Amino acid sequence: MRFATNLRRLSLAVSAAAALGMAGAAQAADTIKVGVLHSLSGTMAISETTLKDTMLMLIDEQNKKGGLLGKKLEAVVVDPASNWPLFAEKARELLEKDKVAAVFGCWTSVSRKSVLPVFEELNGLLFYPVQYEGEESSKNVFYTGAAPNQQAIPAVDYLMEQGVKRWVLAGTDYVYPRTTNKILEAYLKAKGVAEGDIMINYTPFGHSDWQSIVSDIKKFGSAGKKAAVVSTINGDANVPFYKELGNQGVSAKDIPVVAFSVGEEELSGIDTKPLVGHLAAWNYFMSVEGDTNDTFIEAWQKFIKDKKRVTNDPMEAHYIGFNMWVDAVKKAGTTDPSAVADAIIGVAVPNLSGGYSAMMPNHHITKPVLIGEIQGDGQFQIVSQTPGLVAGDAWSDYLEGSKDLISDWRAPLSCGNYNVKTAKCSGQNY
Amino acid sequence: MLRILVTTLLLCLMPPLFAADIETGDPALDAAFAQILDRDFDVKGQGITALADSKHPKRGELLRGIADGELRYLNENNRLVWMREQGDDTVAVDALSGEDYGAFSTRKFKKLALNNAMRNQIDALLAKINLSDPDPTVRLNAVNAMLDHIEPRHAELFSGLVTNEPDAKVREAMLAAIALSSLSDPDAAQRRKAVASVAGSLEPAVRNGLTRLANNDPDESVRREAAAALKKIQARAELFGYAETLFFGLSLGSVLVLAAIGLAITFGVMGVINMAHGELIMLGAYTTYLIQLALPGMTGLSILLAVPAAFLVSGAVGVAIERGVIRFLYGRPLETLLATFGISLILQQLVRSVISPQNVPVSNPDFLSGSLQINSVLSLTYNRLYIFAFCLLVFAGLFFVLKRTRLGLQVRAVSQNRAMARAMGVRSARVDALTFGLGSGIAGIAGVALSQLTNVGPNLGQAYIVDSFMVVVFGGVGNLWGTLIGGLGLGIANKLMEPWAGAVLAKILVLVFIILFIQKRPRGLFPQKGRAAEG
């Protein structure tokens with residue numbers, strides 16, 4: 001009973017607050033709203049807070065340049081608190097209540113899958129900045145992070161060049177590592193690697209006791225052929241993993257680890273001297289030499305008021321995605337999502353590694369792939385780089401069932417999963 | 001021969017980019033230095049080989065400098081230099097001539113880029129140079145470094161050196177290397193002899209060599225003997241494998257015990273369901289971080305200081321929680337659960353806002369890094385060894401406090417019969433606060449240990465709260481021995497299952513096992529006996 005009254009009082013307070021908020025919105029009708037959907041609390045806050053700040057900086061810079069279509073941009077920041085269903089609710093709030101023109105957000109694949117139906121139902125635009133497992137192409141989502149062929153496959157190619165014959169595929173137990181490893185396993189087998197030379201291992205989120213696994217890797221790697229670890233281990237489980245490697249005396253010279261989720265930001269929390277020589281594959285490193293990158297780093301450190309703050313790959317993805325959206329809005333002359341979605345295909349903007357990235361018809365972008373070795377100062381030294389840009393592939397060429405699919409959102413095809421063999425679009429939007 | 005040919009060829013092809021700058025009087029060496037400065041890794045590798053093959057007196061020092069990333073070059077004159085601190089300046093000292101070029105900004109010093117293949121190459125080259133080092137341990141390491149890819153010419157090299165080698169250990173390693181290389185001798189009798197002489201070794205290189213012989217040797221008897229030797233070695237390696245698993249289990253168990261033992265007091269003895277227990281661990285870990293910040297460069301000392309400091313910080317927070325919230329909720333477990341869960345969220349967000357949402361770096365002192373190498377298949381990591389010992393120490397200390405001190409007596413009295421204890425003059429409110437503070441302080445100490453193993457971040461506590469409750473419930477509520485045995489047992493069980501079930505499934509199986517166990521023995525492994533158990 002008491003609970004019910006409290007609830008009623010609470011709902012009154014909420015509606016009052018909402019009314020206030022709406023009054024604020026009415027006043028600022030001459031702005032274009034941009035939604036920022038990143039977790040500011042909970043497990044993922046560690047990675048996503050940085051991206052929220054990046055968006056605020058980009059919007060701020062755009063406003064200093066005079067805004068967009070003669071209007072100022074206004075960031076609407078919400079906190080989905082690392083809670084996947086809450087992502088969907090907050091996305092709905094951004095689209096329905098705040099009427100944002102576009103949303104920049106999400107980190108984990110499960111959060112993206114959770115908001116996807118909302119964006120398709122309400123016809124919103126989502127720019128997703130993180131490397132992911134592919135096998136998806138939605139009319140309403142723009143994937144500015146790497147697809148597997150823009151990160152995992154070139155990394156494996158590099159290690160093959162270095163003479164690696166045995167492969168440990170180690171990952172955290174969720175959709176991105178599982179799908180990526182499935183693709184990699186198929187790719188390695190297609191390259192003639194025997195079943196017995198591939199070891200696959202999954203661990204829970206935040207795993208911290210790596211003793212047995214590192215010991216197994218050590219044994220696996222001492223069988224006479226050169227071995228490497230391809231790691232899709234997520235986030236902060238990496239720190240104890242690398243520590244254990246160091247303590248058990250496994251150095252990058254014996255068994256290099258190439259990681260897809262370890263960037264400058266993750267390394268800034270640890271002493272990297274024991275990690276020197278381990279690898280990471282990204283589309284951007286802070287150590288890239290070039291004027292655009294220098295300007296970006298300078299602006300970022302000034303904005304965040306920290307001269308030691310690092311930049312990383314998902315930040316670059318937001319930089320590219322935001323500039324693409326700005327260009328597309330200018331080209332379309334409106335912020336209407338359908339018009340912008342049509343206009344953005346083919347838009348090319350500078351990336352931070354000194355070239356241009358373009359939006360493909362499958363809503364993925366073109367990027368260079370860089371392989372870097374970890375240095376003692378927490379930065380990466382680039383040891384290999386694809387000669388040109390690699391176009392993101394929504395559907396992997398190495399998986400049964402998806403190798404015949406293509407995605408093209410231009411009219412007249414307008415389909416995310418068109419089967420070239422049966423000449424049919426399955427009708428699903430993803 | 002080919003290498004020299006290639007080098008000379010390249011020497012002719014090399015555009016004289018840098019060659020004019022580095023002059024040693026030896027044109028081959030000049031070219032080598034020019035190649036080392038090249039951005040292309042293949043060219044650089046050739047330069048490094050040429051440098052190692054040269055007779056330059058400083059070649060060992062230079063190669064080591066390249067491998068460690070200490071050797072730099074200056075962009076303005078393309079000289080290889082050492083970076084030396086001189087007061088506030090960094091000065092460049094020529095690596096070849098020793099000439100001092102004066103102070104430069106650190107950004108002017110360019111690193112020589114390396115990749116793993118080159119690090120391996122340099123190691124192999126250095127090993128060869130190090131074979132004539134005056135220090136026997138350097139020589140021993142050099143021999144061991146060559147063991148992995150032993151070639152007949154190395155064996156010849158060793159045969160020449162072994163007679164004059166004064167150190168017994170180095171001699172032994174060289175003989176082993178010679179035996180290993182004669183595993184691929186063209187003469188079958190030689191191979192058989194070699195198999196017999198390496199039969200006792202656990203070196204992976206030996207095992208790989210024997211496997212090769214056992215499968216592919218043309219001689220029937222060699223194949224048989226190699227297989228027999230291999231079987232013996234594998235049996236021994238398996239034995240050490242079990243020892244390793246046991247160690248892994250004990251070390252995982254000791255972490256569980258450390259995390260749970262504070263809870264064994266607050267939950268086990270006092271009966272308070274404290275969901276903020278994990279956050280008290282986290283506060284201990286953050287205390288370690290803050291002390292390290294305050295004492296830069298003294299990692300070892302700061303860890304030692306962190307133990308009492310973390311106890312005080314977490315203990316004080318614990319007392320505050322007890323006095324501020326829990327004391328109003330005694331006897332209402334559901335409300336205690338919700339309230340402490342709220343506190344745990346508040347503490348997390350507090351750390352996020354005040355310090356940073358990012359994980360913070362806590363460095364490991366030297367004595368907690370590396371491993372104790374027992375033989376080539378078994379090594380025990382120091383951090384785990386120390387934490388196991390630390391866990392036993394904390395347990396013994398806590399046991400002493402509860403059984404042998406006045407506070408312990410009062411705690412036990414209040415938990416067994418509150419009314420009677422009060423009638424005897426025990427100030428039960430004060431005892432409650434102190435007991436809760438003690439349990440929380442122990443959680444803080446656990447945080448210091450965990451900061452050496454895992455990430456220190458706002459979510460640290462959440463990862464351990466479920467495990468802690470699991471251990472306490474399994475071990476038997478209200479029994480410290482139960483927590484110790486329960487924690488170590490669960491750790492070992494987890495590690496025994498991990499190799500065949502995988503880390504994810506092993507965890508699930510342990511949980512299922514505990515649920516079934518609790519069905520059979522609801523009071524855990526060591527139930528409390530007597531009338532106290534009824535209350």
# chains A, B, ... in the order shown; residues from 1 in each chain; ligands from 1
>>> interface_residues(of="chain B", to="chain A", cutoff="6 Å", atoms="only C-alpha atoms", output="PyMOL selection string")
chain B and resi 116+357-361+369-371+381+454+503-504
>>> select_by_dssp(residues="segment 181-267 of chain A", states="helix (DSSP H, G or I)", output="number ranges by chain")
A: 181-190, 195-197, 211-221, 235-247, 264-267
>>> write_last_selection(atoms="N, CA and C atoms", output="short mmCIF file (atom, residue, chain, number, x, y, z; two decimals), in the first residue's frame")
data_model
loop_
_atom_site.label_atom_id
_atom_site.label_comp_id
_atom_site.auth_asym_id
_atom_site.auth_seq_id
_atom_site.Cartn_x
_atom_site.Cartn_y
_atom_site.Cartn_z
N ASN A 181 35.82 -16.42 -34.25
CA ASN A 181 36.62 -17.64 -34.26
C ASN A 181 36.10 -18.65 -35.25
N LYS A 182 34.77 -18.67 -35.45
CA LYS A 182 34.21 -19.58 -36.46
C LYS A 182 34.74 -19.18 -37.84
N ILE A 183 34.74 -17.88 -38.10
CA ILE A 183 35.25 -17.40 -39.38
C ILE A 183 36.74 -17.72 -39.51
N LEU A 184 37.50 -17.46 -38.44
CA LEU A 184 38.95 -17.70 -38.49
C LEU A 184 39.26 -19.17 -38.67
N GLU A 185 38.50 -20.02 -37.98
CA GLU A 185 38.75 -21.45 -38.09
C GLU A 185 38.54 -21.90 -39.54
N ALA A 186 37.43 -21.43 -40.13
CA ALA A 186 37.16 -21.79 -41.52
C ALA A 186 38.27 -21.25 -42.43
N TYR A 187 38.73 -20.05 -42.14
CA TYR A 187 39.77 -19.42 -42.96
C TYR A 187 41.08 -20.20 -42.85
N LEU A 188 41.46 -20.56 -41.60
CA LEU A 188 42.72 -21.28 -41.40
C LEU A 188 42.67 -22.63 -42.09
N LYS A 189 41.53 -23.32 -41.98
CA LYS A 189 41.41 -24.64 -42.61
C LYS A 189 41.49 -24.50 -44.12
N ALA A 190 40.89 -23.43 -44.65
CA ALA A 190 40.97 -23.19 -46.09
C ALA A 190 42.42 -22.96 -46.50
N GLU A 195 43.48 -29.63 -38.29
CA GLU A 195 42.60 -29.55 -37.11
C GLU A 195 43.41 -29.54 -35.81
N GLY A 196 44.43 -30.42 -35.75
CA GLY A 196 45.22 -30.55 -34.53
C GLY A 196 46.09 -29.34 -34.24
N ASP A 197 46.26 -28.47 -35.20
CA ASP A 197 47.08 -27.28 -35.00
C ASP A 197 46.25 -26.06 -34.62
N GLN A 211 45.89 -19.29 -15.03
CA GLN A 211 47.03 -20.21 -14.85
C GLN A 211 46.98 -21.40 -15.78
N SER A 212 45.87 -22.15 -15.75
CA SER A 212 45.84 -23.40 -16.53
C SER A 212 45.86 -23.10 -18.01
N ILE A 213 45.16 -22.04 -18.42
CA ILE A 213 45.06 -21.76 -19.84
C ILE A 213 46.42 -21.36 -20.40
N VAL A 214 47.12 -20.49 -19.66
CA VAL A 214 48.45 -20.08 -20.13
C VAL A 214 49.39 -21.28 -20.15
N SER A 215 49.27 -22.14 -19.14
CA SER A 215 50.11 -23.33 -19.11
C SER A 215 49.80 -24.24 -20.32
N ASP A 216 48.52 -24.36 -20.68
CA ASP A 216 48.15 -25.14 -21.87
C ASP A 216 48.72 -24.52 -23.14
N ILE A 217 48.63 -23.19 -23.21
CA ILE A 217 49.14 -22.50 -24.40
C ILE A 217 50.64 -22.74 -24.53
N LYS A 218 51.32 -22.71 -23.37
CA LYS A 218 52.76 -22.92 -23.36
C LYS A 218 53.08 -24.31 -23.91
N LYS A 219 52.34 -25.31 -23.45
CA LYS A 219 52.57 -26.68 -23.92
C LYS A 219 52.27 -26.78 -25.41
N PHE A 220 51.16 -26.16 -25.81
CA PHE A 220 50.74 -26.20 -27.21
C PHE A 220 51.81 -25.58 -28.10
N GLY A 221 52.48 -24.55 -27.57
CA GLY A 221 53.46 -23.83 -28.37
C GLY A 221 54.85 -24.45 -28.35
N GLY A 235 38.03 -6.79 -23.18
CA GLY A 235 38.25 -5.77 -22.16
C GLY A 235 39.26 -6.12 -21.10
N ASP A 236 38.85 -5.99 -19.84
CA ASP A 236 39.86 -6.02 -18.79
C ASP A 236 40.29 -7.42 -18.37
N ALA A 237 39.70 -8.47 -18.95
CA ALA A 237 40.22 -9.81 -18.68
C ALA A 237 41.63 -9.95 -19.28
N ASN A 238 41.97 -9.04 -20.19
CA ASN A 238 43.27 -9.09 -20.84
C ASN A 238 44.42 -8.85 -19.87
N VAL A 239 44.21 -7.97 -18.89
CA VAL A 239 45.32 -7.59 -18.01
C VAL A 239 45.85 -8.79 -17.24
N PRO A 240 44.99 -9.54 -16.52
CA PRO A 240 45.52 -10.73 -15.85
C PRO A 240 46.07 -11.77 -16.83
N PHE A 241 45.50 -11.83 -18.03
CA PHE A 241 46.00 -12.77 -19.03
C PHE A 241 47.44 -12.45 -19.40
N TYR A 242 47.71 -11.20 -19.72
CA TYR A 242 49.08 -10.81 -20.09
C TYR A 242 50.02 -10.93 -18.91
N LYS A 243 49.52 -10.62 -17.70
CA LYS A 243 50.36 -10.74 -16.51
C LYS A 243 50.79 -12.19 -16.32
N GLU A 244 49.83 -13.10 -16.51
CA GLU A 244 50.14 -14.52 -16.33
C GLU A 244 51.13 -14.98 -17.40
N LEU A 245 50.95 -14.51 -18.62
CA LEU A 245 51.91 -14.84 -19.69
C LEU A 245 53.31 -14.42 -19.27
N GLY A 246 53.42 -13.19 -18.74
CA GLY A 246 54.71 -12.68 -18.32
C GLY A 246 55.29 -13.51 -17.19
N ASN A 247 54.44 -13.83 -16.20
CA ASN A 247 54.94 -14.57 -15.04
C ASN A 247 55.37 -15.98 -15.40
N GLU A 264 45.08 1.34 -27.06
CA GLU A 264 45.83 2.26 -26.21
C GLU A 264 45.12 2.46 -24.87
N GLU A 265 43.79 2.57 -24.92
CA GLU A 265 43.01 2.83 -23.72
C GLU A 265 43.18 1.68 -22.71
N GLU A 266 43.09 0.45 -23.20
CA GLU A 266 43.23 -0.71 -22.30
C GLU A 266 44.64 -0.77 -21.74
N LEU A 267 45.64 -0.41 -22.57
CA LEU A 267 47.03 -0.51 -22.12
C LEU A 267 47.38 0.58 -21.12
#
>>> closest_residue(among="A:Ile371, A:Thr144, A:Thr422, A:Arg410", to="Ser357 of chain A", atoms="only C-alpha atoms")
A:Thr144
>>> atom_distance(atom1="atom CA of Ser468 of chain B", atom2="atom CA of Leu453 of chain B")
16.7 Å
>>> residues_around(residues="Lys52 of chain A", least_positions_apart="4", cutoff="7 Å", atoms="only C-alpha atoms", output="PyMOL selection string")
chain A and resi 36+38+48+56
>>> closest_residue(among="B:Arg191, B:Ala103, B:Glu238, B:Phe247", to="Asp217 of chain B", atoms="only C-alpha atoms")
B:Arg191
>>> residues_around(residues="segment 318-335 of chain A", least_positions_apart="3", cutoff="7 Å", atoms="only C-alpha atoms", output="ChimeraX atom specification")
/A:69,101,127,129,144,314-315,339-340,343-344,347-349,351
>>> residues_around(residues="segment 310-313 of chain A", least_positions_apart="6", cutoff="12 Å", atoms="only C-alpha atoms", output="short mmCIF file (atom, residue, chain, number, x, y, z; two decimals) with N, CA, C and O atoms, in the first residue's frame")
data_model
loop_
_atom_site.label_atom_id
_atom_site.label_comp_id
_atom_site.auth_asym_id
_atom_site.auth_seq_id
_atom_site.Cartn_x
_atom_site.Cartn_y
_atom_site.Cartn_z
N SER A 47 34.95 1.56 -21.06
CA SER A 47 35.28 1.85 -22.46
C SER A 47 34.39 2.95 -23.04
O SER A 47 34.84 3.76 -23.85
N GLU A 48 33.13 2.95 -22.64
CA GLU A 48 32.16 3.79 -23.36
C GLU A 48 32.19 5.25 -22.94
O GLU A 48 31.82 6.13 -23.73
N THR A 50 34.68 7.17 -22.66
CA THR A 50 35.57 7.86 -23.58
C THR A 50 34.85 8.24 -24.87
O THR A 50 35.04 9.34 -25.39
N LEU A 51 34.00 7.33 -25.36
CA LEU A 51 33.31 7.61 -26.62
C LEU A 51 32.27 8.71 -26.45
O LEU A 51 32.05 9.52 -27.35
N ASP A 53 32.63 11.22 -24.43
CA ASP A 53 33.41 12.46 -24.45
C ASP A 53 33.85 12.82 -25.88
O ASP A 53 33.88 13.99 -26.25
N THR A 54 34.21 11.77 -26.65
CA THR A 54 34.60 12.02 -28.04
C THR A 54 33.46 12.69 -28.81
O THR A 54 33.66 13.66 -29.55
N PRO A 129 30.41 2.25 -33.51
CA PRO A 129 31.83 2.53 -33.74
C PRO A 129 32.81 1.42 -33.38
O PRO A 129 34.00 1.68 -33.32
N VAL A 130 32.35 0.20 -33.10
CA VAL A 130 33.26 -0.79 -32.54
C VAL A 130 33.41 -1.96 -33.51
O VAL A 130 32.48 -2.29 -34.22
N GLN A 131 34.61 -2.56 -33.51
CA GLN A 131 34.81 -3.74 -34.34
C GLN A 131 33.84 -4.81 -33.89
O GLN A 131 33.55 -4.93 -32.71
N THR A 144 30.78 1.65 -38.43
CA THR A 144 32.03 2.36 -38.71
C THR A 144 33.25 1.67 -38.09
O THR A 144 34.38 2.06 -38.31
N GLY A 145 33.00 0.64 -37.26
CA GLY A 145 34.11 -0.17 -36.75
C GLY A 145 34.46 -1.23 -37.78
O GLY A 145 33.89 -1.28 -38.86
N ALA A 146 35.43 -2.10 -37.42
CA ALA A 146 35.89 -3.08 -38.39
C ALA A 146 34.99 -4.30 -38.44
O ALA A 146 34.52 -4.77 -37.41
N GLN A 151 39.97 -6.77 -39.83
CA GLN A 151 40.78 -6.84 -38.63
C GLN A 151 41.35 -8.24 -38.44
O GLN A 151 42.56 -8.43 -38.48
N PHE A 260 42.38 -8.31 -30.65
CA PHE A 260 41.46 -7.44 -31.39
C PHE A 260 40.70 -6.51 -30.47
O PHE A 260 39.88 -5.72 -30.92
N SER A 261 40.90 -6.66 -29.18
CA SER A 261 40.16 -5.79 -28.26
C SER A 261 41.10 -5.01 -27.36
O SER A 261 40.66 -4.45 -26.37
N VAL A 262 42.39 -5.04 -27.65
CA VAL A 262 43.33 -4.33 -26.79
C VAL A 262 43.88 -3.13 -27.55
O VAL A 262 44.53 -3.28 -28.57
N GLY A 263 43.57 -1.94 -27.05
CA GLY A 263 44.05 -0.73 -27.69
C GLY A 263 44.78 0.13 -26.68
O GLY A 263 45.03 -0.30 -25.55
N GLU A 264 45.08 1.34 -27.06
CA GLU A 264 45.83 2.26 -26.21
C GLU A 264 45.12 2.46 -24.87
O GLU A 264 45.76 2.51 -23.83
N GLU A 265 43.79 2.57 -24.92
CA GLU A 265 43.01 2.83 -23.72
C GLU A 265 43.18 1.68 -22.71
O GLU A 265 43.39 1.92 -21.53
N GLU A 266 43.09 0.45 -23.20
CA GLU A 266 43.23 -0.71 -22.30
C GLU A 266 44.64 -0.77 -21.74
O GLU A 266 44.85 -1.12 -20.60
N LEU A 267 45.64 -0.41 -22.57
CA LEU A 267 47.03 -0.51 -22.12
C LEU A 267 47.38 0.58 -21.12
O LEU A 267 48.33 0.45 -20.36
N SER A 268 46.60 1.67 -21.13
CA SER A 268 46.96 2.77 -20.23
C SER A 268 46.77 2.36 -18.78
O SER A 268 47.23 3.04 -17.89
N GLY A 269 46.13 1.22 -18.52
CA GLY A 269 45.95 0.77 -17.14
C GLY A 269 47.05 -0.17 -16.68
O GLY A 269 46.98 -0.66 -15.56
N ALA A 280 48.54 -6.13 -31.91
CA ALA A 280 47.12 -5.82 -31.99
C ALA A 280 46.83 -5.41 -33.43
O ALA A 280 47.71 -4.87 -34.12
N ALA A 281 45.64 -5.70 -33.87
CA ALA A 281 45.23 -5.30 -35.22
C ALA A 281 44.09 -4.32 -35.10
O ALA A 281 43.10 -4.58 -34.42
N TRP A 282 44.26 -3.15 -35.69
CA TRP A 282 43.23 -2.12 -35.66
C TRP A 282 43.26 -1.37 -36.99
O TRP A 282 44.10 -1.61 -37.84
N ASN A 283 42.35 -0.42 -37.11
CA ASN A 283 42.35 0.43 -38.29
C ASN A 283 42.99 1.78 -38.00
O ASN A 283 43.11 2.64 -38.87
N TYR A 284 43.35 1.97 -36.74
CA TYR A 284 43.96 3.23 -36.33
C TYR A 284 44.80 2.98 -35.09
O TYR A 284 44.40 2.20 -34.23
N PHE A 285 45.97 3.61 -35.04
CA PHE A 285 46.72 3.64 -33.79
C PHE A 285 47.05 5.09 -33.48
O PHE A 285 47.21 5.90 -34.39
N MET A 286 47.18 5.39 -32.20
CA MET A 286 47.51 6.75 -31.83
C MET A 286 48.87 7.14 -32.41
O MET A 286 49.14 8.31 -32.67
N SER A 287 49.74 6.14 -32.64
CA SER A 287 51.09 6.44 -33.11
C SER A 287 51.16 6.68 -34.61
O SER A 287 52.25 6.90 -35.14
N VAL A 288 50.03 6.64 -35.32
CA VAL A 288 50.04 6.91 -36.75
C VAL A 288 50.63 8.30 -36.99
O VAL A 288 50.29 9.26 -36.28
N ASN A 293 45.96 13.29 -37.70
CA ASN A 293 46.03 12.61 -36.42
C ASN A 293 46.58 13.53 -35.33
O ASN A 293 46.03 13.59 -34.22
N ASP A 294 47.64 14.27 -35.65
CA ASP A 294 48.22 15.19 -34.66
C ASP A 294 47.19 16.21 -34.19
O ASP A 294 47.04 16.47 -33.00
N THR A 295 46.44 16.77 -35.16
CA THR A 295 45.43 17.76 -34.81
C THR A 295 44.37 17.14 -33.90
O THR A 295 43.93 17.74 -32.92
N PHE A 296 43.96 15.92 -34.27
CA PHE A 296 42.91 15.25 -33.49
C PHE A 296 43.38 14.99 -32.06
O PHE A 296 42.67 15.27 -31.10
N ILE A 297 44.60 14.47 -31.92
CA ILE A 297 45.12 14.16 -30.58
C ILE A 297 45.21 15.44 -29.75
O ILE A 297 44.80 15.47 -28.58
N GLU A 298 45.71 16.50 -30.39
CA GLU A 298 45.84 17.77 -29.67
C GLU A 298 44.48 18.27 -29.19
O GLU A 298 44.31 18.65 -28.03
N ALA A 299 43.49 18.23 -30.11
CA ALA A 299 42.15 18.71 -29.75
C ALA A 299 41.57 17.87 -28.63
O ALA A 299 40.96 18.40 -27.69
N TRP A 300 41.78 16.56 -28.70
CA TRP A 300 41.23 15.65 -27.70
C TRP A 300 41.83 15.91 -26.33
O TRP A 300 41.13 16.02 -25.33
N GLN A 301 43.16 16.03 -26.29
CA GLN A 301 43.81 16.23 -24.99
C GLN A 301 43.43 17.59 -24.40
O GLN A 301 43.35 17.74 -23.19
N LYS A 302 43.18 18.55 -25.29
CA LYS A 302 42.77 19.86 -24.80
C LYS A 302 41.33 19.79 -24.26
O LYS A 302 41.03 20.32 -23.20
N ILE A 304 39.71 17.18 -23.10
CA ILE A 304 39.56 16.35 -21.90
C ILE A 304 40.44 16.87 -20.76
O ILE A 304 40.39 16.37 -19.65
N TYR A 319 34.78 9.55 -35.11
CA TYR A 319 35.24 10.73 -35.87
C TYR A 319 34.80 10.60 -37.34
O TYR A 319 34.22 11.52 -37.91
N ILE A 320 35.05 9.39 -37.90
CA ILE A 320 34.67 9.17 -39.30
C ILE A 320 33.15 9.20 -39.43
O ILE A 320 32.59 9.88 -40.30
N ASN A 351 40.10 9.93 -42.87
CA ASN A 351 40.27 9.20 -41.62
C ASN A 351 41.55 9.70 -40.96
O ASN A 351 42.23 10.56 -41.50
N LEU A 352 41.87 9.16 -39.81
CA LEU A 352 43.00 9.71 -39.07
C LEU A 352 44.34 9.11 -39.48
O LEU A 352 45.39 9.54 -39.03
N SER A 353 44.29 8.07 -40.35
CA SER A 353 45.57 7.49 -40.75
C SER A 353 46.05 8.05 -42.09
O SER A 353 46.87 7.46 -42.76
N LYS A 367 38.54 1.03 -44.87
CA LYS A 367 39.57 1.44 -43.90
C LYS A 367 40.88 0.73 -44.21
O LYS A 367 40.85 -0.37 -44.75
N PRO A 368 42.01 1.31 -43.82
CA PRO A 368 43.25 0.54 -43.89
C PRO A 368 43.33 -0.38 -42.67
O PRO A 368 42.69 -0.11 -41.66
N VAL A 369 44.07 -1.48 -42.77
CA VAL A 369 44.25 -2.35 -41.61
C VAL A 369 45.71 -2.25 -41.17
O VAL A 369 46.62 -2.42 -41.97
N LEU A 370 45.90 -1.95 -39.90
CA LEU A 370 47.25 -1.78 -39.36
C LEU A 370 47.53 -2.87 -38.32
O LEU A 370 46.66 -3.21 -37.54
N ASP A 377 56.00 2.01 -23.80
CA ASP A 377 55.32 3.20 -23.30
C ASP A 377 53.81 3.12 -23.49
O ASP A 377 53.11 4.13 -23.38
N GLY A 378 53.28 1.93 -23.79
CA GLY A 378 51.84 1.79 -23.93
C GLY A 378 51.32 2.16 -25.30
O GLY A 378 50.12 2.16 -25.53
N GLN A 379 52.21 2.49 -26.21
CA GLN A 379 51.79 2.80 -27.58
C GLN A 379 52.08 1.61 -28.49
O GLN A 379 52.69 0.64 -28.07
N PHE A 380 51.61 1.72 -29.72
CA PHE A 380 51.87 0.65 -30.68
C PHE A 380 52.83 1.14 -31.75
O PHE A 380 52.77 2.30 -32.16
#
>>> residues_around(residues="Ile150 of chain B", least_positions_apart="6", cutoff="8 Å", atoms="only C-alpha atoms", output="NGL selection string")
:B and (177 or 180-181)
>>> residues_around(residues="Val255 of chain B", least_positions_apart="3", cutoff="9 Å", atoms="only C-alpha atoms", output="list in words")
Leu250, Ser251, Leu252, Leu258, Ala259, Ala260, Arg384, Ile387, Phe388, Cys391, Ala446, Ala449, Leu450, Gly487, Leu488 and Gly491 of chain B
